file coords.cif (mmCIF, C-alpha atoms and all ligand atoms)
data_protein
#
loop_
_atom_site.label_atom_id
_atom_site.label_comp_id
_atom_site.auth_asym_id
_atom_site.auth_seq_id
_atom_site.Cartn_x
_atom_site.Cartn_y
_atom_site.Cartn_z
CA MET B 1 0.00 0.00 0.00
CA LEU B 2 2.77 2.38 0.98
CA LEU B 3 4.82 1.71 -2.14
CA THR B 4 1.73 2.03 -4.27
CA GLY B 5 0.95 5.39 -2.69
CA ILE B 6 4.42 6.76 -3.28
CA GLY B 7 4.56 5.34 -6.77
CA ALA B 8 1.33 7.10 -7.64
CA GLN B 9 2.94 10.47 -6.86
CA ALA B 10 6.04 9.84 -8.90
CA ALA B 11 5.85 10.28 -12.63
CA SER B 12 8.49 8.44 -14.55
CA ALA B 13 9.37 9.47 -18.06
CA ALA B 14 7.38 6.56 -19.35
CA ASP B 15 4.31 7.90 -17.53
CA CYS B 16 4.53 11.35 -19.09
CA PRO B 17 1.85 11.33 -21.74
CA GLY B 18 2.92 12.91 -24.98
CA HIS B 19 6.49 13.36 -23.75
CA PRO B 20 8.28 10.01 -23.99
CA ASP B 21 11.66 11.66 -23.59
CA ALA B 22 10.62 13.69 -20.50
CA LEU B 23 12.88 14.11 -17.51
CA GLY B 24 10.15 12.85 -15.20
CA THR B 25 10.18 12.56 -11.42
CA SER B 26 12.16 9.56 -10.28
CA ARG B 27 10.82 9.19 -6.75
CA THR B 28 8.97 10.83 -3.90
CA LEU B 29 10.79 11.44 -0.65
CA VAL B 30 8.59 11.65 2.44
CA VAL B 31 10.16 13.61 5.29
CA ASP B 32 9.38 14.22 8.93
CA PRO B 33 9.87 17.94 9.62
CA ARG B 34 10.25 17.36 13.37
CA GLU B 35 13.06 14.93 12.91
CA HIS B 36 15.04 17.21 10.61
CA PRO B 37 13.87 20.77 11.30
CA ARG B 38 16.51 22.60 9.22
CA ILE B 39 17.87 21.55 5.84
CA GLY B 40 20.09 23.02 3.13
CA THR B 41 23.88 23.02 3.31
CA MET B 42 24.13 26.67 2.38
CA GLN B 43 23.28 27.34 6.03
CA TYR B 44 22.77 24.10 7.93
CA PRO B 45 24.67 20.89 8.55
CA GLU B 46 21.88 18.77 7.13
CA THR B 47 20.20 18.56 3.78
CA LEU B 48 17.73 16.20 2.17
CA PRO B 49 18.83 12.55 2.05
CA LEU B 50 19.45 12.47 -1.67
CA ALA B 51 21.52 10.01 -3.60
CA ASP B 52 24.18 11.21 -5.99
CA HIS B 53 22.68 12.92 -9.07
CA GLU B 54 19.36 13.49 -7.34
CA VAL B 55 17.94 17.01 -7.46
CA VAL B 56 15.05 18.77 -5.71
CA LEU B 57 13.69 21.81 -7.51
CA THR B 58 12.25 24.67 -5.45
CA PHE B 59 10.62 27.90 -6.61
CA ASP B 60 10.10 30.99 -4.43
CA ASP B 61 8.05 34.17 -4.29
CA GLY B 62 4.99 33.26 -6.36
CA PRO B 63 2.43 33.06 -7.50
CA LEU B 64 2.78 35.62 -10.26
CA PRO B 65 0.56 34.27 -13.04
CA ARG B 66 2.47 35.80 -15.95
CA ASN B 67 5.62 33.79 -15.20
CA SER B 68 4.49 31.18 -12.69
CA ASN B 69 2.02 29.69 -15.17
CA GLN B 70 4.80 29.26 -17.71
CA VAL B 71 6.93 27.51 -15.12
CA LEU B 72 4.00 25.17 -14.43
CA ASP B 73 3.67 24.40 -18.14
CA ILE B 74 7.40 23.71 -18.50
CA LEU B 75 7.39 21.39 -15.49
CA ALA B 76 4.27 19.64 -16.75
CA ALA B 77 5.88 19.03 -20.12
CA GLU B 78 8.71 17.20 -18.33
CA CYS B 79 6.46 15.58 -15.70
CA VAL B 80 8.61 17.15 -13.02
CA LYS B 81 7.31 17.78 -9.50
CA ALA B 82 8.74 20.64 -7.46
CA THR B 83 8.24 22.54 -4.21
CA PHE B 84 6.90 26.10 -4.26
CA PHE B 85 7.39 28.56 -1.40
CA GLU B 86 4.56 31.05 -1.74
CA ILE B 87 4.34 34.59 -0.35
CA GLY B 88 1.11 35.14 1.60
CA ARG B 89 0.43 38.50 0.01
CA MET B 90 0.88 37.02 -3.47
CA ALA B 91 -1.40 34.11 -2.62
CA THR B 92 -4.09 36.57 -1.56
CA ALA B 93 -3.68 38.49 -4.80
CA TYR B 94 -3.60 35.41 -7.04
CA PRO B 95 -5.30 32.57 -5.16
CA GLU B 96 -5.93 30.61 -8.35
CA GLY B 97 -2.16 30.48 -8.85
CA VAL B 98 -1.76 28.56 -5.59
CA ARG B 99 -4.60 26.21 -6.45
CA LYS B 100 -2.95 25.43 -9.78
CA LEU B 101 0.12 24.23 -7.89
CA ARG B 102 -1.99 21.89 -5.80
CA ASP B 103 -3.93 20.59 -8.80
CA ALA B 104 -0.66 19.87 -10.63
CA GLY B 105 0.56 17.80 -7.67
CA HIS B 106 3.40 20.09 -6.57
CA THR B 107 4.36 20.60 -2.96
CA ILE B 108 3.38 23.96 -1.47
CA GLY B 109 5.28 25.64 1.36
CA SER B 110 5.11 29.20 2.68
CA HIS B 111 7.53 32.10 2.50
CA SER B 112 6.11 34.71 4.95
CA GLN B 113 3.31 37.19 4.41
CA ASN B 114 5.23 40.21 3.07
CA HIS B 115 8.67 38.83 2.30
CA PRO B 116 10.63 41.05 4.72
CA LEU B 117 14.39 40.78 4.35
CA THR B 118 14.87 41.57 8.02
CA MET B 119 13.68 38.46 9.79
CA ASN B 120 17.19 38.02 11.16
CA ARG B 121 16.83 41.19 13.23
CA MET B 122 13.17 42.01 13.64
CA PRO B 123 11.43 41.41 16.99
CA ILE B 124 10.41 37.78 17.29
CA GLU B 125 6.77 38.79 17.69
CA ARG B 126 6.84 40.43 14.31
CA ALA B 127 8.62 37.47 12.76
CA ARG B 128 5.99 35.15 14.16
CA GLN B 129 3.29 37.35 12.71
CA GLU B 130 4.93 37.22 9.29
CA ILE B 131 5.11 33.44 9.45
CA ASP B 132 1.57 32.97 10.76
CA ASP B 133 -0.02 35.45 8.37
CA GLY B 134 1.78 33.91 5.40
CA ILE B 135 0.53 30.46 6.30
CA ALA B 136 -3.01 31.73 6.84
CA SER B 137 -3.02 33.51 3.47
CA VAL B 138 -1.83 30.48 1.52
CA LYS B 139 -4.31 28.24 3.31
CA ALA B 140 -7.09 30.68 2.56
CA ALA B 141 -6.15 30.69 -1.11
CA LEU B 142 -6.16 26.91 -1.17
CA GLY B 143 -9.32 26.54 0.84
CA ASP B 144 -7.76 23.40 2.22
CA ASP B 145 -5.40 23.42 5.18
CA ALA B 146 -3.97 20.00 4.37
CA ALA B 147 -2.76 21.17 0.97
CA LEU B 148 -0.12 23.37 2.58
CA SER B 149 3.00 21.49 3.67
CA PRO B 150 4.78 22.41 6.93
CA PHE B 151 7.75 23.72 4.94
CA PHE B 152 9.00 27.28 5.28
CA ARG B 153 11.74 29.24 3.57
CA ILE B 154 12.93 32.41 5.31
CA PRO B 155 12.88 35.41 2.92
CA GLY B 156 16.38 36.13 1.72
CA LEU B 157 17.56 33.16 3.82
CA MET B 158 17.95 35.70 6.65
CA ARG B 159 17.99 33.07 9.33
CA ALA B 160 17.76 33.75 13.04
CA GLN B 161 17.74 31.38 15.98
CA GLY B 162 14.46 32.73 17.34
CA VAL B 163 12.74 32.31 13.99
CA GLU B 164 14.04 28.77 13.58
CA ASP B 165 13.03 27.87 17.12
CA TYR B 166 9.51 29.16 16.56
CA LEU B 167 9.15 27.23 13.30
CA ALA B 168 10.46 24.07 14.95
CA SER B 169 7.95 24.50 17.76
CA GLN B 170 5.23 24.54 15.12
CA GLY B 171 6.50 21.38 13.48
CA ILE B 172 7.57 23.37 10.42
CA GLN B 173 10.72 22.48 8.54
CA VAL B 174 13.05 25.33 7.53
CA TRP B 175 14.34 24.97 3.99
CA SER B 176 17.51 26.70 3.02
CA ALA B 177 19.14 25.44 -0.19
CA ASP B 178 22.21 23.64 -1.44
CA PHE B 179 22.79 25.97 -4.37
CA LEU B 180 21.35 29.00 -6.12
CA ALA B 181 21.31 30.15 -9.71
CA ASP B 182 21.23 33.88 -8.89
CA ASP B 183 18.06 34.23 -10.97
CA TRP B 184 16.86 37.24 -8.96
CA ARG B 185 19.87 39.21 -10.11
CA HIS B 186 20.13 41.18 -13.35
CA ILE B 187 21.78 38.40 -15.30
CA SER B 188 20.89 36.66 -18.54
CA SER B 189 18.87 33.47 -18.67
CA SER B 190 21.88 31.67 -20.10
CA ARG B 191 23.84 32.77 -17.04
CA VAL B 192 21.10 31.34 -14.82
CA TYR B 193 21.44 28.08 -16.72
CA ASP B 194 25.23 28.11 -16.40
CA LEU B 195 25.15 28.78 -12.66
CA ALA B 196 22.51 26.16 -12.00
CA MET B 197 24.47 23.47 -13.83
CA GLN B 198 27.91 24.48 -12.55
CA ARG B 199 26.83 24.57 -8.93
CA LEU B 200 24.87 21.38 -9.20
CA GLU B 201 27.84 19.63 -10.80
CA ALA B 202 30.07 20.89 -7.99
CA LYS B 203 27.92 19.25 -5.31
CA GLY B 204 26.52 16.37 -7.29
CA ARG B 205 23.09 16.52 -5.68
CA GLY B 206 20.89 18.79 -3.63
CA ILE B 207 18.20 21.46 -3.44
CA LEU B 208 18.21 24.09 -6.19
CA LEU B 209 16.58 27.42 -5.35
CA LEU B 210 14.88 29.25 -8.24
CA HIS B 211 12.18 31.91 -8.58
CA ASP B 212 9.11 31.19 -10.69
CA ILE B 213 8.25 34.90 -10.79
CA GLN B 214 11.35 35.73 -12.86
CA ALA B 215 11.18 35.82 -16.65
CA ARG B 216 14.83 34.80 -16.91
CA THR B 217 14.03 31.69 -14.93
CA VAL B 218 11.17 30.87 -17.28
CA ALA B 219 13.60 31.25 -20.17
CA ALA B 220 16.32 29.13 -18.55
CA LEU B 221 14.19 26.33 -17.13
CA PRO B 222 13.57 24.22 -20.28
CA ARG B 223 17.30 24.09 -20.99
CA ILE B 224 18.10 23.26 -17.36
CA LEU B 225 15.64 20.36 -17.38
CA ARG B 226 16.93 19.09 -20.72
CA GLU B 227 20.50 19.20 -19.47
CA LEU B 228 19.61 17.47 -16.21
CA LYS B 229 18.17 14.67 -18.28
CA ALA B 230 21.21 14.57 -20.58
CA ARG B 231 23.64 14.38 -17.66
CA GLY B 232 21.76 11.64 -15.88
CA TYR B 233 20.25 13.66 -13.03
CA ARG B 234 17.00 12.53 -11.46
CA ILE B 235 14.25 14.67 -9.96
CA VAL B 236 13.03 13.91 -6.45
CA HIS B 237 9.67 15.15 -5.21
CA VAL B 238 9.52 15.91 -1.48
CA VAL B 239 6.34 15.70 0.60
CA PRO B 240 5.74 15.80 4.36
CA GLU B 241 4.74 12.72 6.24
CA THR B 242 1.12 12.29 7.20
CA PRO B 243 -0.69 9.68 9.27
CA GLN B 244 -1.35 7.90 6.01
CA LEU B 245 2.12 8.43 4.58
CA PRO B 246 5.05 7.74 6.90
CA ALA B 247 8.46 9.23 6.31
CA THR B 248 10.86 7.50 3.97
CA SER B 249 13.25 5.39 6.00
CA THR B 250 16.68 6.98 6.14
CA GLU B 251 19.87 6.87 8.17
CA PRO B 252 21.29 10.05 9.80
CA PRO B 253 24.44 10.13 7.60
CA GLN B 254 22.24 10.39 4.52
CA TRP B 255 21.23 13.86 5.71
CA GLN B 256 24.82 15.03 5.48
CA LEU B 257 26.05 16.22 2.11
CA HIS B 258 29.45 14.59 2.66
CA PRO B 259 28.83 11.85 5.23
CA PRO B 260 31.94 10.25 6.67
CA SER B 261 32.57 6.95 5.02
CA GLU B 262 34.36 3.95 6.45
CA ASN B 263 35.91 3.45 3.05
CA VAL B 264 37.68 6.82 3.13
CA ALA B 265 40.77 7.32 5.27
CA ILE B 266 40.36 10.29 7.60
CA SER B 267 43.99 10.60 8.73
CA HIS B 268 44.79 13.13 6.00
CA TRP B 269 44.35 16.85 6.22
CA PRO B 270 40.76 17.94 5.90
CA LYS B 271 39.91 18.09 2.26
CA ILE B 272 38.64 21.44 1.05
CA PRO B 273 35.33 20.89 -0.71
CA ASN B 274 35.79 21.73 -4.36
CA PHE B 275 32.48 23.54 -4.56
CA VAL B 276 33.93 26.36 -2.54
CA PHE B 277 36.60 27.17 -5.07
CA ALA B 278 35.14 25.74 -8.24
CA GLU B 279 34.19 29.18 -9.48
CA ALA B 280 36.00 31.43 -7.07
CA ALA B 281 37.79 33.25 -9.84
CA ILE B 282 34.52 34.05 -11.59
CA LEU B 283 31.90 34.28 -8.91
CA PRO B 284 32.14 35.13 -5.26
CA ALA B 285 30.03 33.07 -2.91
CA PRO B 286 26.48 34.39 -3.10
CA SER B 287 25.61 36.89 -0.47
CA LEU B 288 22.67 35.52 1.42
CA SER B 289 21.56 38.89 2.62
CA ASP B 290 20.47 40.21 -0.75
CA LEU B 291 18.79 37.05 -1.83
CA ASP B 292 15.27 37.80 -3.02
CA TRP B 293 15.95 41.49 -2.70
CA GLN B 294 14.65 42.01 -6.20
CA ASP B 295 11.23 40.52 -5.87
CA GLU B 296 8.80 43.25 -6.70
CA ARG B 297 10.74 45.83 -8.64
CA SER B 298 13.82 46.50 -10.61
CA MET B 299 16.93 47.48 -8.73
CA THR B 300 19.49 49.85 -10.18
CA PRO B 301 23.14 48.77 -10.18
CA ALA B 302 23.84 51.46 -7.60
CA GLU B 303 21.13 50.12 -5.32
CA SER B 304 22.43 46.63 -5.82
CA LEU B 305 25.96 47.61 -4.89
CA ASP B 306 24.79 49.66 -1.97
CA HIS B 307 22.63 46.87 -0.66
CA ALA B 308 25.28 44.22 -1.09
CA GLY B 309 27.86 46.51 0.45
CA ARG B 310 25.86 47.31 3.52
CA LEU B 311 24.81 43.76 4.19
CA ALA B 312 27.61 41.55 3.02
CA ARG B 313 26.84 38.16 4.49
CA GLY B 314 24.44 39.76 6.92
CA VAL B 315 27.13 41.87 8.53
CA PRO B 316 26.47 45.62 8.36
CA LEU B 317 29.32 47.42 6.69
CA PRO B 318 30.19 51.11 6.81
CA ARG B 319 28.85 53.12 3.92
CA GLU B 320 32.25 54.66 3.30
CA ALA B 321 35.76 53.36 3.40
CA PRO B 322 37.29 53.88 6.83
CA TRP B 323 40.56 55.28 5.50
CA PRO B 324 40.83 59.03 4.84
CA ARG B 325 39.16 60.16 1.72
CA GLN B 326 41.32 61.90 -0.86
CA LEU B 327 40.80 65.63 -0.89
CA PRO B 328 40.43 67.48 -4.19
CA LEU B 329 43.58 69.23 -5.39
CA PRO B 330 43.65 72.98 -4.52
CA LEU B 331 43.55 74.14 -8.12
CA ASP B 332 42.56 77.67 -7.06
CA GLY B 333 46.01 78.14 -5.51
CA ALA B 334 47.70 77.72 -8.88
CA ALA B 335 46.34 81.08 -10.01
CA THR B 336 47.97 82.88 -7.11
CA VAL B 337 51.32 81.25 -7.76
CA LEU B 338 51.39 82.12 -11.43
CA PRO B 339 49.45 85.35 -12.01
CA VAL B 340 48.40 86.31 -15.47
CA PRO B 341 50.69 89.14 -16.64
CA ALA B 342 49.01 92.51 -16.49
CA GLY B 343 47.96 93.77 -19.89
CA ASN B 344 49.64 97.18 -19.48
CA ILE B 345 53.08 95.57 -19.42
CA PHE B 346 52.84 95.15 -23.18
CA GLU B 347 50.82 98.23 -24.00
CA ILE B 348 51.85 101.67 -25.01
CA PRO B 349 49.34 104.08 -23.47
CA GLU B 350 47.31 106.09 -25.93
CA LYS B 351 48.49 109.48 -24.60
CA SER B 352 52.09 108.57 -25.39
CA PHE B 353 51.35 108.62 -29.10
CA ALA B 354 49.71 111.95 -28.73
CA ALA B 355 52.77 113.34 -26.98
CA ILE B 356 55.07 111.89 -29.61
CA ALA B 357 52.94 113.21 -32.43
CA LEU B 358 53.05 116.72 -31.06
CA ALA B 359 56.80 116.73 -30.57
CA SER B 360 59.07 117.29 -33.59
CA PRO B 361 62.43 115.51 -33.72
CA ARG B 362 64.03 118.77 -32.76
CA GLN B 363 61.74 119.26 -29.80
CA GLN B 364 62.48 115.74 -28.69
CA GLN B 365 66.14 116.63 -28.55
CA THR B 366 65.72 119.94 -26.77
CA ALA B 367 62.61 119.70 -24.68
CA PRO B 368 62.42 117.07 -22.03
CA ALA B 369 59.78 114.56 -22.91
CA GLY B 370 57.23 113.26 -20.49
CA HIS B 371 57.63 110.19 -18.44
CA GLU B 372 55.88 107.97 -20.95
CA THR B 373 57.95 109.27 -23.86
CA ASP B 374 61.13 108.46 -21.97
CA ARG B 375 59.93 105.00 -21.36
CA ILE B 376 59.16 104.40 -25.02
CA ALA B 377 62.52 105.76 -26.03
CA LYS B 378 64.26 103.44 -23.63
CA LEU B 379 62.32 100.49 -24.93
CA ILE B 380 63.21 101.34 -28.52
CA ALA B 381 66.82 101.95 -27.67
CA ALA B 382 67.08 98.64 -25.89
CA ASP B 383 65.54 96.95 -28.88
CA SER B 384 68.01 98.53 -31.34
CA GLY B 385 71.23 97.74 -29.45
CA GLN B 386 71.46 100.44 -26.81
CA SER B 387 71.52 97.73 -24.16
CA ARG B 388 75.17 97.21 -25.03
CA ARG B 389 75.87 100.10 -22.68
CA THR B 390 75.23 97.76 -19.83
CA ILE B 391 78.12 95.56 -20.88
CA PRO B 392 81.23 96.39 -18.79
CA ARG B 393 83.69 98.49 -20.83
CA LYS B 394 86.74 96.51 -19.82
CA ARG B 395 85.42 93.60 -21.80
CA PHE B 396 86.04 95.58 -25.05
CA GLY B 397 89.47 96.99 -24.45
CA ARG B 398 90.57 100.63 -24.02
CA ARG B 399 90.16 101.85 -27.56
CA GLY B 400 87.55 99.61 -29.04
CA ALA B 401 85.04 99.88 -26.33
CA PRO B 402 84.28 103.62 -26.47
CA ARG B 403 84.20 103.65 -30.26
CA LEU B 404 81.97 100.66 -30.38
CA ALA B 405 79.79 102.03 -27.67
CA GLY B 406 79.75 105.47 -29.26
CA ARG B 407 78.90 104.14 -32.68
CA GLY B 408 76.28 102.00 -31.11
CA ASN B 409 74.93 105.04 -29.33
CA GLY B 410 74.73 107.04 -32.52
CA LEU B 411 73.09 104.25 -34.45
CA ALA B 412 70.71 103.62 -31.66
CA ALA B 413 69.82 107.30 -31.43
CA ARG B 414 69.23 107.60 -35.14
CA GLY B 415 67.47 104.26 -35.26
CA GLY B 416 65.38 105.25 -32.27
CA ARG B 417 64.26 108.44 -33.92
CA ARG B 418 63.38 106.60 -37.09
CA GLU B 419 61.36 104.12 -35.05
CA LEU B 420 59.54 106.93 -33.28
CA LYS B 421 58.72 108.67 -36.53
CA HIS B 422 57.45 105.40 -37.92
CA LEU B 423 55.29 104.83 -34.88
CA VAL B 424 53.86 108.31 -35.10
CA GLN B 425 53.09 107.88 -38.81
CA VAL B 426 51.38 104.59 -38.23
CA LYS B 427 49.43 106.11 -35.40
CA LYS B 428 48.35 109.07 -37.46
CA ARG B 429 47.16 106.87 -40.31
CA SER B 430 45.15 104.71 -38.01
CA VAL B 431 43.38 107.51 -36.15
ZN ZN P 1 11.94 34.96 -1.64
#

call {"tool": "encode", "arguments": {"input": "coords.cif", "output": "structure tokens"}}
result
Amino acid sequence: MLLTGIGAQAASAADCPGHPDALGTSRTLVVDPREHPRIGTMQYPETLPLADHEVVLTFDDGPLPRNSNQVLDILAAECVKATFFEIGRMATAYPEGVRKLRDAGHTIGSHSQNHPLTMNRMPIERARQEIDDGIASVKAALGDDAALSPFFRIPGLMRAQGVEDYLASQGIQVWSADFLADDWRHISSSRVYDLAMQRLEAKGRGILLLHDIQARTVAALPRILRELKARGYRIVHVVPETPQLPATSTEPPQWQLHPPSENVAISHWPKIPNFVFAEAAILPAPSLSDLDWQDERSMTPAESLDHAGRLARGVPLPREAPWPRQLPLPLDGAATVLPVPAGNIFEIPEKSFAAIALASPRQQQTAPAGHETDRIAKLIAADSGQSRRTIPRKRFGRRGAPRLAGRGNGLAARGGRRELKHLVQVKKRSV
């Protein structure tokens, strides 16, 4: 009777009408939540007692008809049974979505009423309320208390001892996971597929956490199921024990992902599990704290970084780096060090031309010119060689120096006058 009952829930590939090559569901595992209250090696020592290459599919955060219905169709096409962790608020909004799960023979668990990502730090009374309300909402949607399994997944996997203790006291099993596919992040569906397969291959068996509300998951799921089939994986359907359906007989070591074996020597150094480093160069270990963060809305990259930064692995981090921040360079100071040359250094004032224009060459020789005229004359003289007067005479010898200087003086004086006349003429023409 027992075997018949379990067999009726499993759907082998051969029993999948219209899909002879379906993945199917290889067996049904009946568990006692009180005996194993916490499962999933991402957070707990125990996980489901699966054999190598056995996989349990779980979907969170629904129902959201647009995507959840597609997930149901994809699973139906492969005759695969899964476990769905439903949000109470979503179940109230889309009760028919929860009933579809039941009618398709999937397992239904709950996932809180409002999906708070703070159950690790909220008052236990509030956490209890979230749990109780979520259960009540899903039951109300189902209209059948027995259709809801005593399975619970904490939103964002934000576990807390008080929450776990309360759930255990209610006979409810806490489900973490053995691996994720990051399908709530802004990644492509092919990336979801890659992560699901890589992480599954690294552990060889376990509970895969997906989200049926995500379009990228809908897109990735058919390929994941096809590849599971191609690589020889088998789907296990998990249900809770009931008075009519006792738990599957298991041994405690089966609930360990890597149970100690008598066939393996244990005198060597502890072996580092390869799943830890299998992708270390590509992907850091998923941060549990931002799991499910992106349930209802899109998150900008900045928000994502900020969120991940503040709650890396559940540990609050400072918003800013603790070391001193670099101050901006004092660019304003550069102007005071190197002032722009004043414009009048290069200008000849207008009134100078007037003074020069009024003075004849004779007057320039006899009448003392104004201050500005003197300055112009000096500038012109310097330009035409007069500056040689500054050279010490002894450098030119006793005879040569005066003659040279005198000739230079005469040339400079004549040249200077010519320059002045030229300037005056130019000035007159341009007025
Ligand atoms: Zn969730």

call {"tool": "atom_distance", "arguments": {"input": "coords.cif", "atom1": "atom CA of B:Ala127", "atom2": "atom CA of B:Phe59"}}
result
21.7 Å

call {"tool": "closest_residue", "arguments": {"input": "coords.cif", "among": "B:Leu64, B:Leu117, B:Ala181, B:Leu245", "to": "B:Glu96", "atoms": "all atoms listed in the file"}}
result
B:Leu64

call {"tool": "residues_near_ligand", "arguments": {"input": "coords.cif", "ligand": "ligand ZN 1 (chain P)", "cutoff": "7 Å", "atoms": "all atoms listed in the file", "output": "list in words"}}
result
Asp60, Asp61, His111, His115, Pro155, Gly156 and Asp292 of chain B

call {"tool": "write_last_selection", "arguments": {"input": "coords.cif", "atoms": "C-alpha atoms", "output": "short mmCIF file (atom, residue, chain, number, x, y, z; two decimals), in the coordinates of the input"}}
result
data_model
loop_
_atom_site.label_atom_id
_atom_site.label_comp_id
_atom_site.auth_asym_id
_atom_site.auth_seq_id
_atom_site.Cartn_x
_atom_site.Cartn_y
_atom_site.Cartn_z
CA ASP B 60 10.10 30.99 -4.43
CA ASP B 61 8.05 34.17 -4.29
CA HIS B 111 7.53 32.10 2.50
CA HIS B 115 8.67 38.83 2.30
CA PRO B 155 12.88 35.41 2.92
CA GLY B 156 16.38 36.13 1.72
CA ASP B 292 15.27 37.80 -3.02
#

call {"tool": "atom_distance", "arguments": {"input": "coords.cif", "atom1": "atom CA of B:Thr25", "atom2": "atom CA of B:Ser190"}}
result
24.0 Å

call {"tool": "atom_distance", "arguments": {"input": "coords.cif", "atom1": "atom CA of B:Gly206", "atom2": "atom CA of B:Arg191"}}
result
19.6 Å

call {"tool": "closest_residue", "arguments": {"input": "coords.cif", "among": "B:Asp165, B:Asp194, B:Glu86, B:Asp182", "to": "B:Arg34", "atoms": "all atoms listed in the file"}}
result
B:Asp165

call {"tool": "closest_residue", "arguments": {"input": "coords.cif", "among": "B:Glu78, B:Pro49, B:Leu225, B:Met42", "to": "B:Cys16", "atoms": "all atoms listed in the file"}}
result
B:Glu78

call {"tool": "closest_residue", "arguments": {"input": "coords.cif", "among": "B:Arg89, B:Lys81, B:His211, B:Arg66", "to": "B:Val236", "atoms": "all atoms listed in the file"}}
result
B:Lys81
